[in-house]
$ cat upload_20.cif   # mmCIF, C-alpha atoms
data_data
loop_
_atom_site.label_atom_id
_atom_site.label_comp_id
_atom_site.auth_asym_id
_atom_site.auth_seq_id
_atom_site.Cartn_x
_atom_site.Cartn_y
_atom_site.Cartn_z
CA MET B 1 0.00 0.00 0.00
CA ILE B 2 1.20 3.54 -0.67
CA LEU B 3 0.78 6.60 1.52
CA THR B 4 1.86 9.90 0.06
CA LEU B 5 2.37 12.78 2.49
CA ASP B 6 2.64 16.15 0.77
CA PHE B 7 4.51 18.37 3.21
CA PRO B 8 3.92 22.15 3.23
CA ALA B 9 6.47 24.40 1.52
CA ARG B 10 8.30 25.00 4.78
CA THR B 11 9.48 21.38 4.86
CA GLU B 12 10.65 21.53 1.20
CA THR B 13 10.14 17.77 0.86
CA ALA B 14 7.60 15.43 -0.62
CA LEU B 15 7.85 11.98 0.96
CA THR B 16 6.47 8.75 -0.38
CA ILE B 17 6.07 5.85 2.04
CA VAL B 18 5.75 2.35 0.73
CA ALA B 19 4.33 -0.09 3.28
CA ALA B 20 2.95 -3.59 3.30
CA ASN B 21 0.30 -3.27 6.02
CA SER B 22 -2.88 -1.28 6.37
CA LEU B 23 -3.08 -0.65 10.10
CA LYS B 24 -1.61 2.54 11.46
CA THR B 25 -0.02 0.78 14.42
CA GLN B 26 1.73 -1.55 12.03
CA LEU B 27 2.66 1.18 9.57
CA PHE B 28 3.92 3.63 12.21
CA PRO B 29 4.79 1.56 15.31
CA GLU B 30 7.65 3.78 16.46
CA CYS B 31 5.70 6.98 16.02
CA CYS B 32 2.59 5.81 17.82
CA HIS B 33 4.58 5.13 20.98
CA HIS B 34 7.29 7.74 20.63
CA PRO B 35 8.15 9.41 23.95
CA ASN B 36 8.39 12.79 22.28
CA PRO B 37 5.01 14.49 22.73
CA ARG B 38 5.52 16.53 19.55
CA LEU B 39 5.00 13.32 17.60
CA ALA B 40 1.56 12.93 19.10
CA PHE B 41 0.02 13.90 15.78
CA PHE B 42 0.32 10.23 14.89
CA GLN B 43 -1.69 9.16 17.94
CA ASN B 44 -5.46 9.27 18.21
CA GLN B 45 -5.85 10.51 14.65
CA ASN B 46 -9.05 9.95 12.76
CA TRP B 47 -7.42 7.80 10.08
CA SER B 48 -9.91 6.48 7.54
CA THR B 49 -8.72 3.15 6.20
CA ASN B 50 -9.64 0.80 3.45
CA LYS B 51 -7.69 -1.65 1.35
CA ARG B 52 -6.37 1.03 -0.96
CA SER B 53 -5.60 4.30 0.77
CA TYR B 54 -5.16 6.43 3.85
CA ARG B 55 -6.40 9.98 4.16
CA THR B 56 -3.35 12.26 4.38
CA HIS B 57 -2.86 15.02 6.93
CA HIS B 58 -0.53 18.05 6.82
CA PHE B 59 1.71 18.87 9.74
CA PHE B 60 4.80 21.01 10.44
CA TYR B 61 7.20 18.61 12.14
CA PRO B 62 10.16 17.13 10.25
CA PHE B 63 9.28 13.60 9.27
CA PRO B 64 11.10 10.88 11.29
CA THR B 65 12.87 7.84 9.91
CA LEU B 66 10.27 5.08 9.79
CA THR B 67 11.66 1.57 9.88
CA SER B 68 10.85 -1.58 11.74
CA PRO B 69 11.39 -5.30 11.27
CA ARG B 70 7.94 -5.51 9.75
CA ASN B 71 8.17 -2.48 7.48
CA PRO B 72 10.67 -1.61 4.75
CA PRO B 73 12.82 1.57 4.97
CA VAL B 74 11.29 4.83 3.80
CA ARG B 75 12.23 5.92 0.28
CA ALA B 76 12.44 9.70 -0.01
CA THR B 77 12.67 11.74 -3.19
CA THR B 78 13.08 15.49 -3.58
CA ALA B 79 11.98 17.73 -6.40
CA THR B 80 15.56 18.63 -7.39
CA ALA B 81 18.27 15.99 -7.24
CA THR B 82 21.52 17.12 -5.63
CA LYS B 83 24.86 15.53 -4.87
CA MET B 84 27.98 16.38 -2.93
CA VAL B 85 31.32 17.07 -4.62
CA LYS B 86 34.65 18.38 -3.39
CA ALA B 87 35.71 21.98 -4.01
CA ILE B 88 37.99 24.73 -2.76
CA ARG B 89 36.11 27.49 -0.93
CA VAL B 90 37.12 30.85 0.50
CA HIS B 91 35.30 31.95 3.67
CA GLU B 92 37.53 34.94 4.44
CA LEU B 93 40.02 36.99 2.46
CA GLY B 94 43.71 36.44 3.03
CA GLY B 95 46.72 34.32 2.16
CA PRO B 96 46.81 30.86 0.58
CA GLU B 97 45.72 29.32 3.90
CA VAL B 98 42.13 30.58 3.40
CA LEU B 99 41.65 28.09 0.53
CA LYS B 100 39.67 25.27 2.16
CA TRP B 101 38.99 21.79 0.71
CA GLU B 102 35.31 21.10 1.42
CA ASP B 103 32.17 19.23 0.42
CA VAL B 104 29.73 21.35 -1.57
CA GLU B 105 26.31 20.60 -3.02
CA ILE B 106 25.62 20.64 -6.74
CA GLY B 107 22.24 20.32 -8.43
CA GLU B 108 21.02 19.59 -11.93
CA PRO B 109 21.49 22.08 -14.79
CA GLY B 110 18.61 24.40 -15.58
CA GLU B 111 17.56 25.86 -18.91
CA GLY B 112 20.57 26.88 -20.96
CA GLU B 113 22.99 25.17 -18.57
CA ILE B 114 25.23 22.11 -18.46
CA ARG B 115 26.85 20.17 -15.63
CA VAL B 116 30.54 19.44 -16.21
CA LYS B 117 32.96 17.07 -14.49
CA ASN B 118 36.24 18.97 -14.53
CA LYS B 119 39.33 17.16 -15.79
CA ALA B 120 41.83 20.01 -15.47
CA ILE B 121 41.65 23.52 -13.98
CA GLY B 122 43.86 26.43 -14.89
CA LEU B 123 45.41 28.54 -12.12
CA ASN B 124 45.73 32.22 -12.93
CA PHE B 125 46.92 35.26 -11.01
CA ILE B 126 43.41 36.67 -11.10
CA ASP B 127 42.50 33.85 -8.68
CA VAL B 128 44.99 35.34 -6.24
CA TYR B 129 43.43 38.79 -6.66
CA PHE B 130 39.99 37.45 -5.71
CA ARG B 131 41.39 35.47 -2.78
CA LYS B 132 43.07 38.60 -1.41
CA GLY B 133 40.14 40.91 -2.11
CA VAL B 134 41.88 43.03 -4.75
CA TYR B 135 38.85 42.13 -6.83
CA ALA B 136 35.57 41.59 -4.97
CA ALA B 137 33.74 38.28 -5.29
CA SER B 138 29.96 38.58 -5.58
CA THR B 139 29.33 36.18 -2.68
CA MET B 140 31.05 34.96 0.45
CA PRO B 141 32.01 32.16 0.79
CA PHE B 142 32.96 31.61 -2.83
CA ILE B 143 34.64 29.01 -5.02
CA PRO B 144 37.54 30.61 -6.94
CA GLY B 145 38.74 29.77 -10.44
CA ARG B 146 37.85 31.04 -13.90
CA GLU B 147 39.17 28.36 -16.26
CA ALA B 148 38.58 24.64 -16.68
CA VAL B 149 38.18 21.77 -19.13
CA GLY B 150 35.82 18.91 -18.49
CA GLU B 151 33.28 16.39 -19.71
CA VAL B 152 29.59 17.22 -19.98
CA LEU B 153 27.62 15.01 -17.57
CA ALA B 154 24.15 16.51 -18.04
CA VAL B 155 22.39 19.15 -20.14
CA GLY B 156 19.50 21.36 -19.13
CA PRO B 157 15.97 20.91 -20.45
CA GLY B 158 15.52 21.80 -24.10
CA LEU B 159 19.19 22.56 -24.69
CA THR B 160 20.45 21.80 -28.20
CA GLY B 161 23.95 21.85 -29.68
CA ARG B 162 25.54 20.20 -26.66
CA LYS B 163 25.41 16.58 -25.47
CA VAL B 164 26.59 14.34 -22.66
CA GLY B 165 30.19 13.27 -23.25
CA ASP B 166 31.33 16.47 -25.00
CA ILE B 167 34.72 17.81 -23.89
CA VAL B 168 34.37 21.54 -23.33
CA ALA B 169 36.40 24.44 -21.98
CA TYR B 170 35.61 27.85 -20.59
CA ALA B 171 37.55 30.87 -19.41
CA GLY B 172 36.36 33.95 -17.58
CA ASP B 173 32.85 34.03 -16.12
CA PRO B 174 31.40 32.43 -14.10
CA MET B 175 33.85 32.04 -11.27
CA GLY B 176 33.87 28.64 -9.57
CA SER B 177 36.15 26.24 -11.45
CA TYR B 178 38.03 25.01 -8.34
CA ALA B 179 35.57 22.12 -8.02
CA GLU B 180 35.22 18.51 -9.10
CA GLU B 181 31.99 19.45 -10.92
CA GLN B 182 30.24 22.70 -11.77
CA ILE B 183 27.18 24.12 -13.50
CA LEU B 184 28.00 26.35 -16.48
CA PRO B 185 26.00 28.42 -18.96
CA ALA B 186 26.17 26.50 -22.24
CA ASN B 187 26.89 29.70 -24.19
CA LYS B 188 30.10 30.26 -22.19
CA VAL B 189 31.83 27.02 -23.20
CA VAL B 190 33.59 25.98 -26.40
CA SER B 191 34.36 22.53 -27.74
CA VAL B 192 37.96 21.38 -27.32
CA PRO B 193 39.57 19.81 -30.41
CA GLU B 194 40.52 16.16 -29.95
CA SER B 195 44.15 17.03 -30.75
CA ILE B 196 44.43 19.15 -27.59
CA SER B 197 44.55 17.38 -24.21
CA PRO B 198 42.44 18.64 -21.29
CA VAL B 199 45.56 19.61 -19.32
CA VAL B 200 46.97 21.66 -22.20
CA ALA B 201 43.61 23.25 -22.93
CA ALA B 202 43.08 24.16 -19.27
CA SER B 203 46.54 25.69 -19.14
CA VAL B 204 45.95 27.93 -22.12
CA MET B 205 42.28 28.94 -22.37
CA LEU B 206 42.32 32.04 -20.16
CA LYS B 207 45.96 32.90 -20.79
CA GLY B 208 45.69 32.15 -24.51
CA MET B 209 42.51 34.14 -25.09
CA THR B 210 44.01 36.96 -23.01
CA THR B 211 47.05 36.87 -25.29
CA GLN B 212 44.79 36.86 -28.34
CA PHE B 213 42.88 39.99 -27.43
CA LEU B 214 45.99 41.82 -26.19
CA LEU B 215 47.95 41.22 -29.42
CA ARG B 216 45.17 41.14 -31.98
CA ARG B 217 42.54 43.58 -30.75
CA CYS B 218 43.63 45.78 -27.83
CA PHE B 219 46.76 46.85 -29.72
CA LYS B 220 47.18 45.06 -33.03
CA VAL B 221 50.83 43.98 -33.18
CA GLU B 222 52.29 43.78 -36.67
CA SER B 223 55.63 43.18 -38.32
CA GLY B 224 58.02 46.05 -37.57
CA HIS B 225 56.61 46.87 -34.13
CA THR B 226 58.81 46.78 -31.05
CA ILE B 227 57.09 45.62 -27.87
CA LEU B 228 58.03 45.29 -24.19
CA VAL B 229 56.64 42.34 -22.21
CA HIS B 230 57.05 42.26 -18.44
CA ALA B 231 57.11 38.86 -16.68
CA ALA B 232 58.11 37.38 -20.02
CA ALA B 233 58.49 33.84 -18.61
CA GLY B 234 55.07 33.81 -16.94
CA GLY B 235 51.91 32.13 -18.21
CA VAL B 236 50.66 35.02 -20.38
CA GLY B 237 54.13 36.50 -20.90
CA SER B 238 55.43 33.31 -22.51
CA LEU B 239 52.52 33.23 -24.96
CA LEU B 240 52.84 36.95 -25.73
CA CYS B 241 56.50 36.52 -26.65
CA GLN B 242 55.89 33.51 -28.89
CA TRP B 243 52.89 34.95 -30.71
CA ALA B 244 54.37 38.45 -31.16
CA ASN B 245 57.60 36.98 -32.51
CA ALA B 246 55.58 34.95 -35.04
CA LEU B 247 53.84 38.16 -36.10
CA GLY B 248 57.22 39.72 -36.91
CA ALA B 249 57.60 42.05 -33.92
CA THR B 250 60.82 42.76 -32.06
CA VAL B 251 60.23 41.47 -28.55
CA ILE B 252 61.92 42.79 -25.41
CA GLY B 253 61.17 40.87 -22.23
CA THR B 254 61.88 41.40 -18.54
CA VAL B 255 62.41 38.49 -16.13
CA SER B 256 63.71 37.95 -12.59
CA THR B 257 66.21 35.09 -12.97
CA LYS B 258 68.72 33.68 -15.45
CA GLU B 259 66.66 30.50 -15.72
CA LYS B 260 63.64 32.54 -16.77
CA ALA B 261 65.81 34.53 -19.17
CA ALA B 262 66.76 31.31 -20.97
CA GLN B 263 63.08 30.38 -21.34
CA ALA B 264 62.16 33.85 -22.62
CA LYS B 265 64.82 33.57 -25.33
CA GLU B 266 63.40 30.21 -26.37
CA ASP B 267 59.99 31.86 -26.59
CA GLY B 268 61.13 34.50 -29.06
CA CYS B 269 62.49 37.36 -26.98
CA GLN B 270 65.28 38.93 -29.00
CA HIS B 271 66.29 41.00 -25.94
CA VAL B 272 65.94 39.81 -22.33
CA ILE B 273 66.42 42.12 -19.34
CA LEU B 274 67.10 40.87 -15.81
CA TYR B 275 65.21 43.66 -14.07
CA GLN B 276 66.69 42.88 -10.62
CA GLU B 277 70.18 43.47 -11.99
CA GLU B 278 69.54 46.12 -14.65
CA ASP B 279 67.54 49.32 -15.03
CA PHE B 280 65.00 48.16 -17.59
CA VAL B 281 64.21 51.73 -18.73
CA ALA B 282 67.86 52.41 -19.53
CA ARG B 283 68.19 49.06 -21.31
CA VAL B 284 65.07 49.69 -23.42
CA ASN B 285 66.40 53.09 -24.43
CA GLU B 286 69.68 51.46 -25.37
CA ILE B 287 67.99 48.71 -27.41
CA THR B 288 65.67 51.13 -29.23
CA SER B 289 68.25 53.94 -29.66
CA CYS B 290 66.06 56.08 -27.37
CA ASN B 291 63.08 55.77 -29.71
CA GLY B 292 61.02 53.73 -27.26
CA VAL B 293 58.60 50.87 -27.88
CA ASP B 294 55.23 50.85 -29.61
CA VAL B 295 53.45 49.06 -26.77
CA VAL B 296 54.15 47.81 -23.25
CA TYR B 297 52.28 44.79 -21.89
CA ASP B 298 52.52 45.20 -18.12
CA SER B 299 51.09 42.58 -15.75
CA VAL B 300 53.37 43.51 -12.83
CA GLY B 301 51.79 46.82 -11.85
CA LYS B 302 53.18 48.97 -9.06
CA ASP B 303 56.87 48.08 -9.44
CA THR B 304 57.05 48.65 -13.20
CA PHE B 305 54.24 51.06 -14.08
CA GLN B 306 56.10 54.39 -14.13
CA GLY B 307 59.08 52.84 -15.89
CA SER B 308 56.77 51.33 -18.50
CA LEU B 309 55.39 54.77 -19.35
CA ALA B 310 58.95 56.04 -19.73
CA CYS B 311 59.75 53.25 -22.22
CA LEU B 312 57.03 54.24 -24.71
CA LYS B 313 57.57 56.13 -27.93
CA THR B 314 55.36 59.04 -28.95
CA ARG B 315 51.75 57.86 -29.28
CA GLY B 316 52.72 54.56 -27.65
CA TYR B 317 50.25 52.26 -25.90
CA MET B 318 50.50 51.36 -22.24
CA VAL B 319 48.49 48.15 -21.71
CA SER B 320 48.21 47.43 -17.98
CA PHE B 321 46.53 44.04 -17.60
CA GLY B 322 47.69 42.91 -14.14
CA GLN B 323 49.20 43.99 -10.85
CA SER B 324 51.16 41.13 -9.32
CA SER B 325 53.35 43.58 -7.37
CA GLY B 326 50.42 45.71 -6.21
CA THR B 327 48.08 48.39 -7.53
CA PRO B 328 49.92 51.17 -9.41
CA ASP B 329 49.83 54.67 -7.98
CA PRO B 330 47.27 57.01 -9.56
CA VAL B 331 48.40 58.64 -12.80
CA PRO B 332 47.31 62.19 -13.65
CA LEU B 333 46.18 62.68 -17.22
CA SER B 334 48.89 65.29 -17.62
CA ALA B 335 51.50 62.52 -17.33
CA LEU B 336 50.33 61.19 -20.71
CA ALA B 337 50.50 64.53 -22.48
CA PRO B 338 54.25 64.91 -23.21
CA LYS B 339 54.19 61.97 -25.65
CA SER B 340 50.43 61.76 -26.36
CA LEU B 341 50.35 58.31 -24.78
CA PHE B 342 47.44 55.89 -24.68
CA LEU B 343 46.66 54.07 -21.43
CA THR B 344 44.23 51.17 -21.07
CA ARG B 345 43.32 48.67 -18.35
CA PRO B 346 41.51 46.00 -20.42
CA SER B 347 39.59 42.89 -19.40
CA MET B 348 39.23 39.77 -21.52
CA MET B 349 35.56 39.55 -20.56
CA HIS B 350 34.90 42.90 -22.27
CA TYR B 351 36.56 41.68 -25.45
CA ASN B 352 34.54 38.44 -25.52
CA GLN B 353 31.12 39.73 -24.63
CA THR B 354 29.26 38.11 -27.51
CA ARG B 355 29.15 34.46 -28.55
CA ASP B 356 30.73 35.35 -31.89
CA GLU B 357 33.63 37.14 -30.17
CA LEU B 358 34.18 34.16 -27.88
CA LEU B 359 34.16 31.65 -30.74
CA GLY B 360 36.46 33.86 -32.80
CA ALA B 361 39.02 34.21 -30.01
CA ALA B 362 38.96 30.50 -29.14
CA GLY B 363 39.14 29.53 -32.82
CA GLU B 364 42.21 31.67 -33.47
CA LEU B 365 43.85 30.34 -30.29
CA PHE B 366 43.26 26.70 -31.27
CA SER B 367 44.55 27.48 -34.76
CA VAL B 368 47.91 28.85 -33.57
CA LEU B 369 48.23 25.93 -31.15
CA ALA B 370 47.64 23.44 -33.96
CA SER B 371 50.11 25.20 -36.26
CA GLY B 372 52.86 25.13 -33.66
CA VAL B 373 53.10 28.92 -33.29
CA LEU B 374 52.45 28.48 -29.56
CA ARG B 375 54.26 25.95 -27.41
CA VAL B 376 52.44 25.53 -24.11
CA ARG B 377 54.57 24.80 -21.07
CA VAL B 378 52.64 23.08 -18.30
CA ASN B 379 55.57 23.14 -15.92
CA HIS B 380 53.58 22.58 -12.72
CA THR B 381 50.57 20.45 -11.80
CA TYR B 382 49.03 20.12 -8.33
CA PRO B 383 46.10 18.12 -6.96
CA LEU B 384 43.11 20.46 -6.61
CA SER B 385 43.14 19.74 -2.86
CA GLN B 386 46.60 21.40 -2.73
CA ALA B 387 45.50 24.66 -4.33
CA ALA B 388 46.86 26.58 -1.33
CA GLN B 389 50.40 25.37 -2.05
CA ALA B 390 49.99 26.22 -5.73
CA HIS B 391 48.92 29.78 -4.80
CA ALA B 392 51.89 30.15 -2.45
CA ASP B 393 54.29 29.04 -5.19
CA ILE B 394 52.89 31.30 -7.90
CA GLU B 395 52.94 34.33 -5.58
CA SER B 396 56.56 33.70 -4.60
CA ARG B 397 57.49 33.44 -8.30
CA LYS B 398 58.63 29.84 -7.95
CA THR B 399 56.69 28.83 -11.06
CA THR B 400 57.22 29.32 -14.78
CA GLY B 401 54.83 28.75 -17.62
CA SER B 402 51.37 27.43 -16.75
CA VAL B 403 50.07 25.87 -13.54
CA VAL B 404 47.23 23.33 -13.66
CA LEU B 405 45.14 21.85 -10.84
CA ILE B 406 43.91 18.27 -11.24
CA PRO B 407 40.63 17.26 -9.47
#
$ encode --input "upload_20.cif" --output "structure tokens"
Amino acid sequence: MILTLDFPARTETALTIVAANSLKTQLFPECCHHPNPRLAFFQNQNWSTNKRSYRTHHFFYPFPTLTSPRNPPVRATTATATKMVKAIRVHELGGPEVLKWEDVEIGEPGEGEIRVKNKAIGLNFIDVYFRKGVYAASTMPFIPGREAVGEVLAVGPGLTGRKVGDIVAYAGDPMGSYAEEQILPANKVVSVPESISPVVAASVMLKGMTTQFLLRRCFKVESGHTILVHAAAGGVGSLLCQWANALGATVIGTVSTKEKAAQAKEDGCQHVILYQEEDFVARVNEITSCNGVDVVYDSVGKDTFQGSLACLKTRGYMVSFGQSSGTPDPVPLSALAPKSLFLTRPSMMHYNQTRDELLGAAGELFSVLASGVLRVRVNHTYPLSQAAQAHADIESRKTTGSVVLIP
């Protein structure tokens, strides 16, 4: 026999009880004699019985577990299926130690959404900015991460163009990739070519599409240009050097160590400056015969900003796209006037606002990867559970190339 109890909205549960007997004392033996008086709703009720049904009653007490040797266990179902997965969460702003490995709940995808099991997760310096509070997360606690590659496990109702088993990647919004699984808007992901592994794709999606818009749209680098790239051996810096060199530009790069200098040269830097040993402004003037560079790509921020402005030629472009050393001091507009300089603080999200822009950027990135223009260095991988150590290493500049977290 089946008794269905429809709980009010405040209980948020609809419970179906399957039982073999028709007497209330047999169906609910524990409840009828429960010492807790708040369960007295089961006692002395005017239950109407026949061979097919019970009359149901509404009440506002959480339903107990009903089992006995004579009755099978209760089977409960909820309107929306959920499961628990592991993820990194931030409950307070601070150092790497605030990254906590926890259980989180994930539901089913809604309209226009997909659920993805992440295979590889890219670590980027923007994750550090959100962890520290340089950029404000929309909620607290929050799951960091803005780049991942994974397999589609479920698609939302009515969604077309995407199926279970697809390997997809995303970079940018929404934040939350530091998780074993996540729900994503289907229009934010792109298909990953079979020739590119999940680890490589995860290492290059955000950095690669950042490189694409910096070189191809923010300031369009062409043959004959001279450019300055700070942190030339970093994740984005390495790609900037390779791609700009392939475009025919003269590339000057700054790095912190001799080991990183060797990598920068491999990546196409014709001139490498060890900024801890040399004055990079003086060296740039020497390399360019005091003409300056067409564009500076500066992800370091406070420590290099003023020097970067000094390195530019007349009508040069200062592209500040990061601040690993801290936020630059304010710059008065009058500081740009002597050389009619351009200053921009761009975001990849603003350059990939439409679906067509996203597909175009990803398509060009996959094309240069396939052609061999870009060599991706995944020099460091960490278990996702050790994200705190990965953050500590990237902040202390112990890493080169790309860092990937593996769930």
$ closest_atom_pairs --input "upload_20.cif" --of "stretch 135-189 of chain B" --to "stretch 331-353 of chain B" --cutoff "12 Å" --atoms "all atoms listed in the file" --output "tab-separated table"
residue	atom	partner	partner_atom	distance
B:Arg146	CA	B:Met349	CA	11.0
B:Tyr170	CA	B:Met349	CA	11.7
B:Ala171	CA	B:Met349	CA	9.0
B:Gly172	CA	B:Met349	CA	6.4
B:Asp173	CA	B:Met349	CA	7.6
B:Pro174	CA	B:Met349	CA	10.5
B:Asn187	CA	B:Gln353	CA	10.9
B:Lys188	CA	B:Gln353	CA	9.8
B:Val189	CA	B:Asn352	CA	12.0
$ atom_distance --input "upload_20.cif" --atom1 "atom CA of B:Arg162" --atom2 "atom CA of B:Ala120"
19.8 Å
$ closest_residue --input "upload_20.cif" --among "B:Ala231, B:Ile394, B:Val404, B:Ala388" --to "B:Ile88" --atoms "all atoms listed in the file"
B:Ala388
$ residues_around --input "upload_20.cif" --residues "B:Glu278" --least-positions-apart "4" --cutoff "12 Å" --atoms "all atoms listed in the file" --output "PyMOL selection string"
chain B and resi 254-257+272-274+282-284+286
$ residues_around --input "upload_20.cif" --residues "B:Asp329" --least-positions-apart "2" --cutoff "12 Å" --atoms "only C-alpha atoms" --output "list of chain:residue names"
B:Gly301, B:Lys302, B:Asp303, B:Thr304, B:Phe305, B:Gln306, B:Gln323, B:Ser325, B:Gly326, B:Thr327, B:Val331, B:Pro332
$ closest_residue --input "upload_20.cif" --among "B:Met205, B:Leu228, B:Leu405, B:Val373" --to "B:Gln386" --atoms "all atoms listed in the file"
B:Leu405
$ resolve_selection --input "upload_20.cif" --expression "the PyMOL selection byres ((chain B and resi 149) around 9)" --output "compact mmCIF listing (two decimals) with C-alpha atoms, in the coordinates of the input"
# COMPACT_ATOMS: atom_id res chain seq x y z
CA VAL B 116 30.54 19.44 -16.21
CA LYS B 117 32.96 17.07 -14.49
CA ASN B 118 36.24 18.97 -14.53
CA LYS B 119 39.33 17.16 -15.79
CA ALA B 120 41.83 20.01 -15.47
CA ILE B 121 41.65 23.52 -13.98
CA GLY B 122 43.86 26.43 -14.89
CA GLU B 147 39.17 28.36 -16.26
CA ALA B 148 38.58 24.64 -16.68
CA GLY B 150 35.82 18.91 -18.49
CA GLU B 151 33.28 16.39 -19.71
CA ILE B 167 34.72 17.81 -23.89
CA VAL B 168 34.37 21.54 -23.33
CA ALA B 169 36.40 24.44 -21.98
CA TYR B 170 35.61 27.85 -20.59
CA VAL B 192 37.96 21.38 -27.32
CA PRO B 198 42.44 18.64 -21.29
CA VAL B 199 45.56 19.61 -19.32
CA ALA B 201 43.61 23.25 -22.93
CA ALA B 202 43.08 24.16 -19.27
CA MET B 205 42.28 28.94 -22.37
$ closest_residue --input "upload_20.cif" --among "B:Val190, B:Ala370, B:Leu153, B:Met140" --to "B:Gly165" --atoms "all atoms listed in the file"
B:Leu153
$ closest_residue --input "upload_20.cif" --among "B:Asp103, B:Leu123, B:Gln212, B:Thr314" --to "B:Tyr382" --atoms "all atoms listed in the file"
B:Leu123
$ closest_residue --input "upload_20.cif" --among "B:Arg217, B:His230, B:Lys132, B:His271" --to "B:Gly307" --atoms "only C-alpha atoms"
B:His230
$ closest_residue --input "upload_20.cif" --among "B:Ile126, B:Ala362, B:Ile227, B:Ala154" --to "B:Val319" --atoms "only C-alpha atoms"
B:Ile227
$ atom_distance --input "upload_20.cif" --atom1 "atom CA of B:Gln263" --atom2 "atom CA of B:Gln242"
10.9 Å
$ residues_near_point --input "upload_20.cif" --point "(56.9, 33.9, -20.3)" --cutoff "8 Å" --atoms "all atoms listed in the file" --output "list in words"
Ala231, Ala232, Ala233, Gly234, Gly235, Val236, Gly237, Ser238, Leu239, Leu240, Cys241, Lys260, Gln263, Ala264, Asp267, Thr400 and Gly401 of chain B
